[in-house]
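Engineer: The structure follows.
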Protein chains: 4
Amino acid sequence: MRFLTAGESHGKALVAILEGFPKGVKIEESLVNSELKRRMSGPGRGKRMAIESDRVEFLSGLRNKVTLGSPIAMLVKNKDSQINPQGKDRIKEKNIVRPAHADLAGALKYGEKDINNILERASARETAARVCVGSVCKQFLSLFEVRVASYIKQIGSYRSEKAAKDIDFILAKARQSAVGAISEKDEKEMLARVAEAKKEKDTLGGVVEVWAQPVLPGLGSFMHFDRRLDSKIAAYLMSIPAVKGVELGAGFSYAGQKGSQSHDSIHCSVRGSFYRKSNNAGGIDGGVSNGEPIVARVAMKPIATLANPLNSVNLKSKKKGKAPVVRSDTSAVYACSVVAENMLAIAITEAFLDKFGSDSFSEIKRNYISYVRFISKTMG
Amino acid sequence: MRFLTAGESHGKALVAILEGFPKGVKIEESLVNSELKRRMSGPGRGKRMAIESDRVEFLSGLRNKVTLGSPIAMLVKNKDSQINPQGKDRIKEKNIVRPAHADLAGALKYGEKDINNILERASARETAARVCVGSVCKQFLSLFEVRVASYIKQIGSYRSEKAAKDIDFILAKARQSAVGAISEKDEKEMLARVAEAKKEKDTLGGVVEVWAQPVLPGLGSFMHFDRRLDSKIAAYLMSIPAVKGVELGAGFSYAGQKGSQSHDSIHCSVRGSFYRKSNNAGGIDGGVSNGEPIVARVAMKPIATLANPLNSVNLKSKKKGKAPVVRSDTSAVYACSVVAENMLAIAITEAFLDKFGSDSFSEIKRNYISYVRFISKTMG
Amino acid sequence: MRFLTAGESHGKALVAILEGFPKGVKIEESLVNSELKRRMSGPGRGKRMAIESDRVEFLSGLRNKVTLGSPIAMLVKNKDSQINPQGKDRIKEKNIVRPAHADLAGALKYGEKDINNILERASARETAARVCVGSVCKQFLSLFEVRVASYIKQIGSYRSEKAAKDIDFILAKARQSAVGAISEKDEKEMLARVAEAKKEKDTLGGVVEVWAQPVLPGLGSFMHFDRRLDSKIAAYLMSIPAVKGVELGAGFSYAGQKGSQSHDSIHCSVRGSFYRKSNNAGGIDGGVSNGEPIVARVAMKPIATLANPLNSVNLKSKKKGKAPVVRSDTSAVYACSVVAENMLAIAITEAFLDKFGSDSFSEIKRNYISYVRFISKTMG
Amino acid sequence: MRFLTAGESHGKALVAILEGFPKGVKIEESLVNSELKRRMSGPGRGKRMAIESDRVEFLSGLRNKVTLGSPIAMLVKNKDSQINPQGKDRIKEKNIVRPAHADLAGALKYGEKDINNILERASARETAARVCVGSVCKQFLSLFEVRVASYIKQIGSYRSEKAAKDIDFILAKARQSAVGAISEKDEKEMLARVAEAKKEKDTLGGVVEVWAQPVLPGLGSFMHFDRRLDSKIAAYLMSIPAVKGVELGAGFSYAGQKGSQSHDSIHCSVRGSFYRKSNNAGGIDGGVSNGEPIVARVAMKPIATLANPLNSVNLKSKKKGKAPVVRSDTSAVYACSVVAENMLAIAITEAFLDKFGSDSFSEIKRNYISYVRFISKTMG
């Protein structure tokens with residue numbers, strides 16, 4: 001399985017092609033649309049989110065809602081582009097690079113002095129196309145009971161003290177919260193921080209925790225470094241714009257613990273299945289899923305575009321200047337959580353198809369069942 | 001550029017083939033050997049490190065020490081294998097899976113009940129082959145003045161309060177320290193924690209900070225999510241055995257800061273070159289190197305093999321059992337730092353060759369100079 | 001550079017995303033459309049060709065006709081789908097597999113009994129998306145004077161005795177011929193064969209010769225088997241539906257010649273540039289372009305859908321049956337020649353970007369010029 | 001599955017790493033060695049073949065002859081290198097490029113004036129490493145009854161009129177012939193041509209036909225052009241040094257036939273399995289294996305190194321010169337046939353693992369059986 005996305009922030013449309021996805025999977029357009037809507041939600045979003053109301057259009061790959069095994073092309077039109085047609089400069093101070101954006105690095109790399117030609121693709125708008133792909137993967141995973149969900153662990157200086165115990169808890173709490181919080185206190189505090197930052201014309205980042213559960217043991221491999229599931233998940237989550245850190249399970253806090261206290265001891269249930277009482281490993285041992293929930297956290301930096309613009313430089317004149325101010329958000333941590341879920345769903349789907357084949361749902365199901373039977377009967 | 005590694009922990013040898021590496025690069029075998037030696041060093045290493053004294057043998061790709069542009073095959077013989085020839089079980093309690101190792105997940109995935117057949121490849125011994133590849137990449141990068149170095153930020157509960165300011169500082173301090181520390185206090189404290197843990201028959205993890213400097217702007221791309229340099233670095237660092245977290249620049253601490261305080265403002269020197277006064281971005285904006293040093297941190301979990309073995313389960317009988325005890329280390333954070341340097345060197349070399357071509361050093365040099373001239377004259 | 005195509009024969013649209021294509025290349029939509037039109041032309045085409053009038057729509061990647069370096073999404077709507085909306089069966093005898101089509105192999109592979117769900121993607125209609133990608137590549141190559149063209153060598157039992165000497169000849173003759181022939185005699189004979197076959201309700205294949213000229217030496221590599229330019233060209237041409245053979249230069253006739261008679265001796269012009277008096281190698285030595293024109297031939301089997309249907313079998317009942325008859329062509333050799341040109345253009349563009357970088361046209365141009373200067377001044 | 005090869009013609013050794021090969025496959029070293037020996041056999045081989053007696057050494061990936069699922073590293077020492085150690089020039093006239101070799105194209109590409117540095121890797125000696133990989137794949141395929149074999153169709157001007165009917169015939173005839181011929185007449189004529197050419201100090205090429213049988217339907221896919229089995233086979237066969245043409249089934253002769261006469265009609269046996277009475281498609285329809293034997297032919301050009309050297313040019317002085325004469329063969333068509341078999345075996349193994357998974361033999365076997373049962377019971 002592989003996919004490509006295309007589309008600029010204010011171009012005609014975002015497009016994704018998902019190739020190598022199995023035949024025979026029922027795909028609900030409405031589920032993709034609700035994921036797209038979630039990506040535009042959360043506290044701290046600016047005006048564009050009101051303008052946008054992303055809807056996917058399937059251009060290929062489906063017949064009567066069921067995948068054909070052929071590449072799935074998905075289109076999300078940019079409504080905004082009708083107001084600001086591409087070709088017209090988005091930013092007038094087109095030579096002043098915005099700190100913490102791709103502007104300067106991109107301008108140098110591509111030999112470009114008009115930052116409009118950089119920011120259009122570097123924009124996080126592109127993640128809408130990834131969400132389309134991820135939503136299709138989520139629907140595939142759900143056929144094997146795998147659910148993917150997330151909640152907001154931290155916004156700005158407020159960090160939740162609560163921890164999710166399983167994915168049902170997350171789905172029950174965070175999915176009901178407009179903020180993606182898992183407690184009322186969290187929700188209240190997070191909203192307050194965002195409101196405060198907005199008032200101060202400042203921006204916030206945060207931390208998102210994303211889960212997949214249940215994930216059967218055996219996805220990924222230690223046989224070669226680039227086939228490890230942890231490596232793939234790290235790559236996929238770090239690729240989300242503004243993400244600056246990724247950790248699995250106990251992550252960075254592992255470093256301060258002793259082995260005797262932190263490692264997850266292994267047990268066997270009366271029915272003969274293996275389990276662990278803790279999940280510091282975040283569901284992955286040796287680069288392979290171990291049967292426990294996959295748990296990852298990502299750190300998002302504050303939004304880079306500030307209403308009180310940062311000091312910067314004019315690419316052409318080399319003189320000081322204030323970074324151009326464009327319509328932006330105070331915080332997009334919630335959006336980040338949605339994208340993180342979808343990137344995780346893609347990573348797990350790829351590992352799943354690597355193990356069970358990818359031609360058709362019925363064949364994958366056969367192979368999956370025979371493996372599950374094997375590991376439960378023969379192995380454990 | 002691409003590479004494959006092979007070799008089991010107690011097999012005949014580790015092997016790497018590096019393909020797509022440019023012609024005309026002088027490679028010193030001794031520099032590879034000193035990296036291999038560093039990988040076996042540091043406090044807390046067990047007896048095997050004494051047995052081993054890894055030395056690389058180049059089987060192809062060089063003529064008179066200079067690369068031919070052909071695949072470079074490197075061999076590191078396992079001296080240990082002469083003592084314990086492969087074929088003989090390493091672990092006698094071969095059905096008891098060791099927690100926090102790949103044993104159980106690997107056994108289920110591959111339908112294997114003898115964990116000897118899992119652990120031989122899942123072992124971190126494999127990273128010696130990666131270090132060979134990384135050392136060749138380091139020698140390439142040094143031709144463009146790029147240096148890669150690291151230091152130990154944390155071992156167990158001790159976290160250094162000192163921060164490196166540039167790579168010269170790291171090379172001057174950490175490279176002179178047997179612990180990889182950047183202050184005498186750090187060294188003393190870290191040694192004490194390792195000694196204490198060893199006494200307690202316990203194990204420790206830690207945090208490593210790895211740098212590459214100088215890295216010219218323009219490596220990586222935001223044009224597609226999987227071409228981002230941050231994503232590649234995350235994948236490469238997370239693929240190191242026992243690593244559970246990766247962050248760039250301010251990383252997770254970004255999440256608690258406000259945008260106005262944390263983003264790196266951009267300035268222009270009197271000579272007309274761009275710079276930032278801070279480096280919270282860790283040298284990467286929008287997935288592209290921005291000219292500042294690349295700074296990443298990785299979190300390593302404590303060594304999973306304990307002298308006081310963890311509770312576990314017998315794969316065959318399903319009964320409780322103590323994890324087998326094998327010769328192991330108290331801490332391998334230093335080794336992790338060496339592997340992290342080499343994985344970072346590989347990631348940067350790949351991005352470098354993507355931009356400047358990969359046929360021959362002389363051609364890459366021409367293309368590099370013309371780009372540097374372009375961005376310094378025309379762009380900045 | 002990489003690309004994905006999507007779209008079923010009677011779905012909403014064909015889509016292609018081209019990723020990794022450089023910034024700063026001017027792309028004329030009209031040139032893409034004229035290639036699309038050529039693909040639908042030639043003698044022996046059926047009614048659908050009249051219905052279709054493919055036009056490309058660029059959804060992303062361009063601003064004011066110039067590439068941004070971002071993925072280029074291209075859309076070709078299926079006009080036909082308005083008449084026969086997807087979801088409705090195209091073929092009523094949906095269980096009778098058509099010989100020489102993907103029907104049976106596809107049905108078994110994907111566990112499908114309705115061949116409509118196979119043929120929609122297996123159809124050569126998909127090549128329209130490839131032509132969009134190829135046309136963009138042709139426009140890139142033309143900036144370096146590289147032209148790609150083809151002519152029809154054989155249709156059915158008639159094989160031209162004439163051989164093209166260079167690409168100017170092909171462009172002057174074949175591009176002016178509705179049949180893609182390079183002589184009046186060829187055109188006349190080929191038209192006669194097609195007319196005869198049509199009358200007999202039979203179908204024809206043929207042989208196409210495709211050229212790229214001038215191609216500078218040094219594209220592709222012998223350093224690893226999968227980096228050879230000949231291997232890539234073989235893969236790309238053999239992937240065209242109905243193609244059953246690919247040869248380069250003297251190809252299969254090489255086998256009957258002696259080395260002393262067939263190999264291209266090397267000479268040096270008074271201006272110091274190397275050349276060969278013959279081109280039996282087809283422009284590639286050791287997997288690397290050698291400076292002579294790239295010359296390849298592809299063999300196309302006769303169209304598989306016959307008006308006098310072949311004997312076949314019902315997938316469900318296992319009983320004999322006549323293959324369903326659908327609207328089809330008598331010959332599509334001309335279309336094949338257009339697709340072959342475009343696949344060759346893609347292959348050469350990829351090898352070109354591998355050597356000279358792929359960020360922006362201006363950088364590629366700099367690198368290209370410095371290489372050309374190097375090989376003409378220093379090397380020859 | 002993927003692999004890399006390394007090694008120069010007169011370096012220390014050839015090396016291959018095969019990654020992603022399943023666990024639990026018994027590998028006989030002796031079978032690899034006998035393939036290596038076959039590669040050095042056949043009429044027309046020069047003295048080096050006597051010097052060489054290639055033997056594989058497995059450095060990793062096996063335990064007690066059974067694969068571990070880990071990368072398989074294989075080493076073939078160059079005995080010749082002891083006589084002519086690398087570092088010493090192989091060719092003294094190091095600036096005179098040899099026509100029909102990679103010398104000139106390689107020298108320009110890599111900015112190299114000593115052709116010794118080009119020819120060492122461009123040499124067909126490299127195919128010994130591929131044969132190691134291919135032989136491992138053959139042993140895997142044989143567990144599913146798939147056999148791969150070849151015979152010589154043509155040497156120089158002599159073309160056999162006989163055609164193989166199935167792979168048993170090839171194994172019975174060609175494998176018993178020192179020439180790889182399938183009739184006594186063929187053998188006699190081929191030997192005569194080689195003897196004649198040798199006497200004339202000339203060289204010959206030829207045509208090889210390679211088969212795989214039985215190959216179950218469903219390998220490869222038409223869903224994306226680069227997943228077609230025909231495309232992969234074309235790439236793999238064309239990548240063999242000196243190969244200039246590849247065709248499947250009727251190949252180029254298809255072009256002269258009418259659809260009604262050439263297409264393979266489909267039938268159903270009394271036991272309910274599908275078959276075709278002819279195999280003009282060469283076992284592949286729409287890029288997917290159709291259940292008939294895979295049949296491909298490759299055209300090899302005459303050996304490029306002539307004892308009566310060709311006219312050429314001195315890279316440095318630009319003056320005319322005679323190509324250097326090195327020890328070489330009169331014909332290597334037999335070697336080509338062995339390499340072609342092994343490349344075909346690799347291609348089919350990859351497609352096989354794509355469909356049935358690649359973790360362990362036992363899992364692949366389960367998935368394979370369930371698919372075969374499905375297509376024979378449910379589908380046919």
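To be explicit about the labels: the chains of the structure tokens are called A, B, and onward in the order shown, and within each one the residues are counted from 1, while ligands get numbers from 1 in the order they are shown.
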Counting only C-alpha atoms, which residues of chain A fall within 9 Å of chain C, and what is the closest atom pair for each with its distance in Å at one decimal, ordered by chain and rising number, as a tab-separated table?

Structural biologist:
```
residue	atom	partner	partner_atom	distance
A:Phe3	CA	C:Leu4	CA	7.8
A:Leu4	CA	C:Ile17	CA	6.9
A:Thr5	CA	C:Pro71	CA	7.2
A:Ala6	CA	C:Pro71	CA	5.0
A:Gly7	CA	C:Ser60	CA	4.9
A:Glu8	CA	C:Ser60	CA	6.3
A:Gly11	CA	C:Ser60	CA	6.3
A:Lys12	CA	C:Leu59	CA	5.6
A:Ala13	CA	C:Leu59	CA	6.1
A:Leu14	CA	C:Ser60	CA	7.7
A:Val15	CA	C:Ala73	CA	7.0
A:Ala16	CA	C:Ile17	CA	8.0
A:Ile17	CA	C:Ala6	CA	6.8
A:Leu18	CA	C:Leu4	CA	8.5
A:Glu19	CA	C:Leu4	CA	7.5
A:Pro22	CA	C:Tyr110	CA	8.9
A:Lys23	CA	C:Tyr110	CA	7.1
A:Gly24	CA	C:Tyr110	CA	8.9
A:Phe58	CA	C:Lys12	CA	8.7
A:Leu59	CA	C:Lys12	CA	5.6
A:Ser60	CA	C:Gly7	CA	4.9
A:Gly61	CA	C:Gly7	CA	6.8
A:Leu62	CA	C:Gly11	CA	8.9
A:Arg63	CA	C:Gly87	CA	5.8
A:Asn64	CA	C:Gly87	CA	6.1
A:Leu68	CA	C:Asn117	CA	6.6
A:Gly69	CA	C:Tyr110	CA	8.1
A:Ser70	CA	C:Arg121	CA	6.5
A:Pro71	CA	C:Ala6	CA	5.0
A:Ile72	CA	C:Ala6	CA	6.5
A:Ala73	CA	C:Ala6	CA	6.0
A:Gln86	CA	C:Arg63	CA	7.0
A:Gly87	CA	C:Arg63	CA	5.7
A:Lys109	CA	C:Asp359	CA	7.4
A:Tyr110	CA	C:Ser360	CA	5.8
A:Gly111	CA	C:Ser360	CA	7.4
A:Asn117	CA	C:Leu68	CA	6.5
A:Ile118	CA	C:Leu68	CA	8.0
A:Arg121	CA	C:Ser70	CA	6.5
A:Asp359	CA	C:Tyr110	CA	6.0
A:Ser360	CA	C:Tyr110	CA	5.8
A:Ser362	CA	C:Gly111	CA	7.9
A:Glu363	CA	C:Gly111	CA	8.0
```

Engineer: Do a neighbour search on segment 272-282 of chain D at 8 Å with only C-alpha atoms, toss out local chain neighbours closer than 6 positions, and write the hits as a list in words.

Structural biologist: Ala100, Lys244 and Lys318 of chain C; Leu248, Gly249, Ala250, Gly251, Tyr254, Ser262, His263, Asp264, Ser265, Ile266, Gly291, Glu292, Pro293, Ile294, Val295, Ala296, Ser376 and Gly380 of chain D

Engineer: From the options C:Val288, C:Val215, C:Ala335, C:Cys268, which residue's atoms come nearest to Leu141 of chain C, counting only C-alpha atoms?

Structural biologist: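 Going through C:Val288, C:Val215, C:Ala335, C:Cys268 one by one, the smallest distance to Leu141 of chain C is for C:Val215.
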
Engineer: Please indicate the distance in Å from atom CA of Lys92 of chain D to atom CA of Pro324 of chain D, rounded to one decimal place.

Structural biologist: 8.0 Å

Engineer: Env of Lys301 of chain C: 7 Å cut, atoms = only C-alpha atoms, seq-sep filter 5 positions within chain, self excluded. Answer as number ranges by chain.

Structural biologist: C: 205-206, 242-244; D: 254-255

Engineer: DSSP on the backbone, strand (DSSP E) only: what residues of segment 47-265 of chain A does that give? Format it as a PyMOL selection string.

Structural biologist: chain A and resi 56-58+62-63+66-67+72-77+147-155+158-159+206-213+243-248

Engineer: Okay, now the selection with N, CA and C atoms, as a CSV table (one decimal), in the first residue's frame?

Structural biologist:
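Output file result-v5.csv is given in full below:
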```csv
chain,number,residue,atom,x,y,z
A,56,VAL,N,-15.3,15.0,0.9
A,56,VAL,CA,-14.6,14.2,0.0
A,56,VAL,C,-15.4,13.8,-1.2
A,57,GLU,N,-14.8,13.7,-2.4
A,57,GLU,CA,-15.5,13.1,-3.5
A,57,GLU,C,-14.6,11.9,-4.0
A,58,PHE,N,-15.2,10.7,-4.1
A,58,PHE,CA,-14.4,9.6,-4.6
A,58,PHE,C,-14.5,9.6,-6.1
A,62,LEU,N,-14.1,2.8,-6.2
A,62,LEU,CA,-15.3,2.3,-5.5
A,62,LEU,C,-16.3,1.9,-6.6
A,63,ARG,N,-17.1,0.9,-6.3
A,63,ARG,CA,-18.3,0.7,-7.1
A,63,ARG,C,-19.4,0.3,-6.0
A,66,VAL,N,-18.1,-0.1,-2.5
A,66,VAL,CA,-17.2,-1.1,-2.1
A,66,VAL,C,-15.9,-1.0,-3.0
A,67,THR,N,-14.8,-1.1,-2.3
A,67,THR,CA,-13.5,-1.0,-3.1
A,67,THR,C,-13.4,-2.1,-4.1
A,72,ILE,N,-7.6,4.3,-5.3
A,72,ILE,CA,-8.7,5.1,-4.8
A,72,ILE,C,-8.3,6.6,-4.9
A,73,ALA,N,-9.0,7.3,-5.8
A,73,ALA,CA,-8.7,8.8,-5.9
A,73,ALA,C,-9.7,9.5,-5.1
A,74,MET,N,-9.3,10.4,-4.3
A,74,MET,CA,-10.2,11.2,-3.5
A,74,MET,C,-9.9,12.7,-3.7
A,75,LEU,N,-11.0,13.5,-3.8
A,75,LEU,CA,-10.9,14.9,-4.0
A,75,LEU,C,-11.6,15.7,-2.9
A,76,VAL,N,-10.9,16.7,-2.4
A,76,VAL,CA,-11.5,17.6,-1.5
A,76,VAL,C,-11.3,19.0,-2.1
A,77,LYS,N,-12.4,19.6,-2.5
A,77,LYS,CA,-12.4,20.9,-3.1
A,77,LYS,C,-12.0,22.0,-2.1
A,147,ARG,N,-9.7,-0.2,16.7
A,147,ARG,CA,-10.1,1.2,16.7
A,147,ARG,C,-8.9,2.1,17.0
A,148,VAL,N,-9.0,3.3,16.5
A,148,VAL,CA,-7.9,4.3,16.7
A,148,VAL,C,-8.5,5.6,17.2
A,149,ALA,N,-8.0,6.1,18.3
A,149,ALA,CA,-8.5,7.3,18.9
A,149,ALA,C,-7.4,8.0,19.6
A,150,SER,N,-7.8,9.3,20.0
A,150,SER,CA,-6.8,10.1,20.7
A,150,SER,C,-7.4,11.0,21.7
A,151,TYR,N,-6.6,11.6,22.5
A,151,TYR,CA,-7.1,12.7,23.4
A,151,TYR,C,-6.0,13.7,23.6
A,152,ILE,N,-6.4,14.8,24.1
A,152,ILE,CA,-5.4,15.9,24.3
A,152,ILE,C,-4.9,15.8,25.7
A,153,LYS,N,-3.6,15.7,25.8
A,153,LYS,CA,-2.9,15.5,27.0
A,153,LYS,C,-2.5,16.8,27.6
A,154,GLN,N,-2.2,17.7,26.8
A,154,GLN,CA,-1.6,19.0,27.2
A,154,GLN,C,-1.9,20.1,26.2
A,155,ILE,N,-2.3,21.3,26.7
A,155,ILE,CA,-2.4,22.5,25.8
A,155,ILE,C,-1.6,23.6,26.6
A,158,TYR,N,-0.9,23.8,30.5
A,158,TYR,CA,-1.7,22.9,31.3
A,158,TYR,C,-1.5,21.4,30.8
A,159,ARG,N,-1.1,20.6,31.7
A,159,ARG,CA,-1.0,19.2,31.4
A,159,ARG,C,-1.9,18.3,32.3
A,206,GLY,N,0.9,21.8,22.2
A,206,GLY,CA,0.4,20.8,23.2
A,206,GLY,C,0.9,19.4,22.9
A,207,VAL,N,0.3,18.5,23.6
A,207,VAL,CA,0.6,17.1,23.5
A,207,VAL,C,-0.6,16.3,23.3
A,208,VAL,N,-0.5,15.4,22.3
A,208,VAL,CA,-1.6,14.5,22.0
A,208,VAL,C,-1.2,13.1,22.3
A,209,GLU,N,-2.2,12.3,22.8
A,209,GLU,CA,-1.9,10.9,23.0
A,209,GLU,C,-2.8,10.1,22.0
A,210,VAL,N,-2.3,9.2,21.3
A,210,VAL,CA,-3.0,8.5,20.3
A,210,VAL,C,-2.9,7.0,20.5
A,211,TRP,N,-4.0,6.3,20.4
A,211,TRP,CA,-4.1,4.8,20.7
A,211,TRP,C,-4.6,4.1,19.5
A,212,ALA,N,-4.2,2.8,19.4
A,212,ALA,CA,-4.8,1.8,18.5
A,212,ALA,C,-5.0,0.6,19.4
A,213,GLN,N,-6.2,0.1,19.3
A,213,GLN,CA,-6.6,-1.1,20.2
A,213,GLN,C,-7.8,-1.8,19.7
A,243,VAL,N,4.8,19.1,14.5
A,243,VAL,CA,5.1,18.1,15.5
A,243,VAL,C,6.7,18.0,15.6
A,244,LYS,N,7.1,18.1,16.9
A,244,LYS,CA,8.5,18.1,17.2
A,244,LYS,C,9.0,17.0,18.1
A,245,GLY,N,8.1,16.1,18.5
A,245,GLY,CA,8.5,15.0,19.3
A,245,GLY,C,7.5,13.9,19.2
A,246,VAL,N,8.0,12.7,19.3
A,246,VAL,CA,7.2,11.5,19.3
A,246,VAL,C,7.7,10.5,20.4
A,247,GLU,N,6.8,9.9,21.1
A,247,GLU,CA,7.3,8.9,22.1
A,247,GLU,C,6.2,7.8,22.1
A,248,LEU,N,6.7,6.6,22.5
A,248,LEU,CA,5.9,5.4,22.6
A,248,LEU,C,5.8,4.9,24.0
```

Engineer: Mind giving me the straight-line distance from atom CA of Lys188 of chain C to atom CA of Thr203 of chain C in Å, one decimal?

Structural biologist: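 That distance, rounded to one decimal, is 17.7 Å.
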
Engineer: Calculated over only C-alpha atoms, which of the candidates A:Gly283, A:Gly20, A:Lys199, A:Lys320 has the smallest distance to Asp226 of chain D?

Structural biologist: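 Closest to Asp226 of chain D, using only C-alpha atoms: A:Gly20.
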
Engineer: Assign secondary structure with DSSP using the backbone only, and return the residues of segment 46-247 of chain D in helix (DSSP H, G or I) as an NGL selection string.

Structural biologist: :D and (48-51 or 80-83 or 103-110 or 116-122 or 124-142 or 167-176 or 184-199 or 225-227 or 229-238)

Engineer: Would you pick out the contacts of Gly287 of chain D at 6 Å or less, using only C-alpha atoms, so that residues sharing its chain but fewer than 2 positions from it are not included, and give the list as a PyMOL selection string?

Structural biologist: chain D and resi 221-222+228-230+284-285

Engineer: Pick out the residues sitting within 9 Å of Val372 of chain C, and hand them over as a list of chain:residue names; count only C-alpha atoms, and ignore anything fewer than 5 positions along from it in its own chain.

Structural biologist: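 Answer for this query is C:Leu216, C:Asn367, C:Lys377.
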
Engineer: Set the distance at 7 Å and use only C-alpha atoms: which residues neighbour Pro241 of chain D once local chain neighbours fewer than 2 positions away are removed? I'd like the list as a PyMOL selection string.

Structural biologist: (chain C and resi 286) or (chain D and resi 124+239+243)

Engineer: With all heavy atoms retained, export the selected residues as a short mmCIF file (atom, residue, chain, number, x, y, z; two decimals), in the first residue's frame.

Structural biologist:
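selection.cif written:
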```cif
data_model
loop_
_atom_site.label_atom_id
_atom_site.label_comp_id
_atom_site.auth_asym_id
_atom_site.auth_seq_id
_atom_site.Cartn_x
_atom_site.Cartn_y
_atom_site.Cartn_z
N GLY C 286 26.01 -1.08 -21.15
CA GLY C 286 26.18 -1.39 -19.73
C GLY C 286 25.11 -0.77 -18.85
O GLY C 286 25.34 -0.47 -17.69
N ALA D 124 30.08 -8.77 -16.05
CA ALA D 124 29.00 -9.74 -15.80
C ALA D 124 29.34 -10.69 -14.66
O ALA D 124 28.50 -11.47 -14.22
CB ALA D 124 28.70 -10.53 -17.07
N SER D 239 17.92 -6.58 -17.34
CA SER D 239 19.03 -6.10 -16.51
C SER D 239 20.26 -7.01 -16.59
O SER D 239 21.31 -6.69 -16.06
CB SER D 239 18.60 -5.99 -15.05
OG SER D 239 18.55 -7.27 -14.45
N VAL D 243 22.00 -8.40 -22.50
CA VAL D 243 20.65 -8.70 -23.00
C VAL D 243 20.07 -7.44 -23.65
O VAL D 243 20.14 -6.36 -23.10
CB VAL D 243 19.74 -9.22 -21.87
CG1 VAL D 243 18.27 -9.18 -22.29
CG2 VAL D 243 20.15 -10.64 -21.50
#
```

Engineer: How far is it from atom CA of Thr378 of chain D to atom CA of His267 of chain D, in Å with one decimal?

Structural biologist: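 Computing it gives 17.0 Å between the two atoms.
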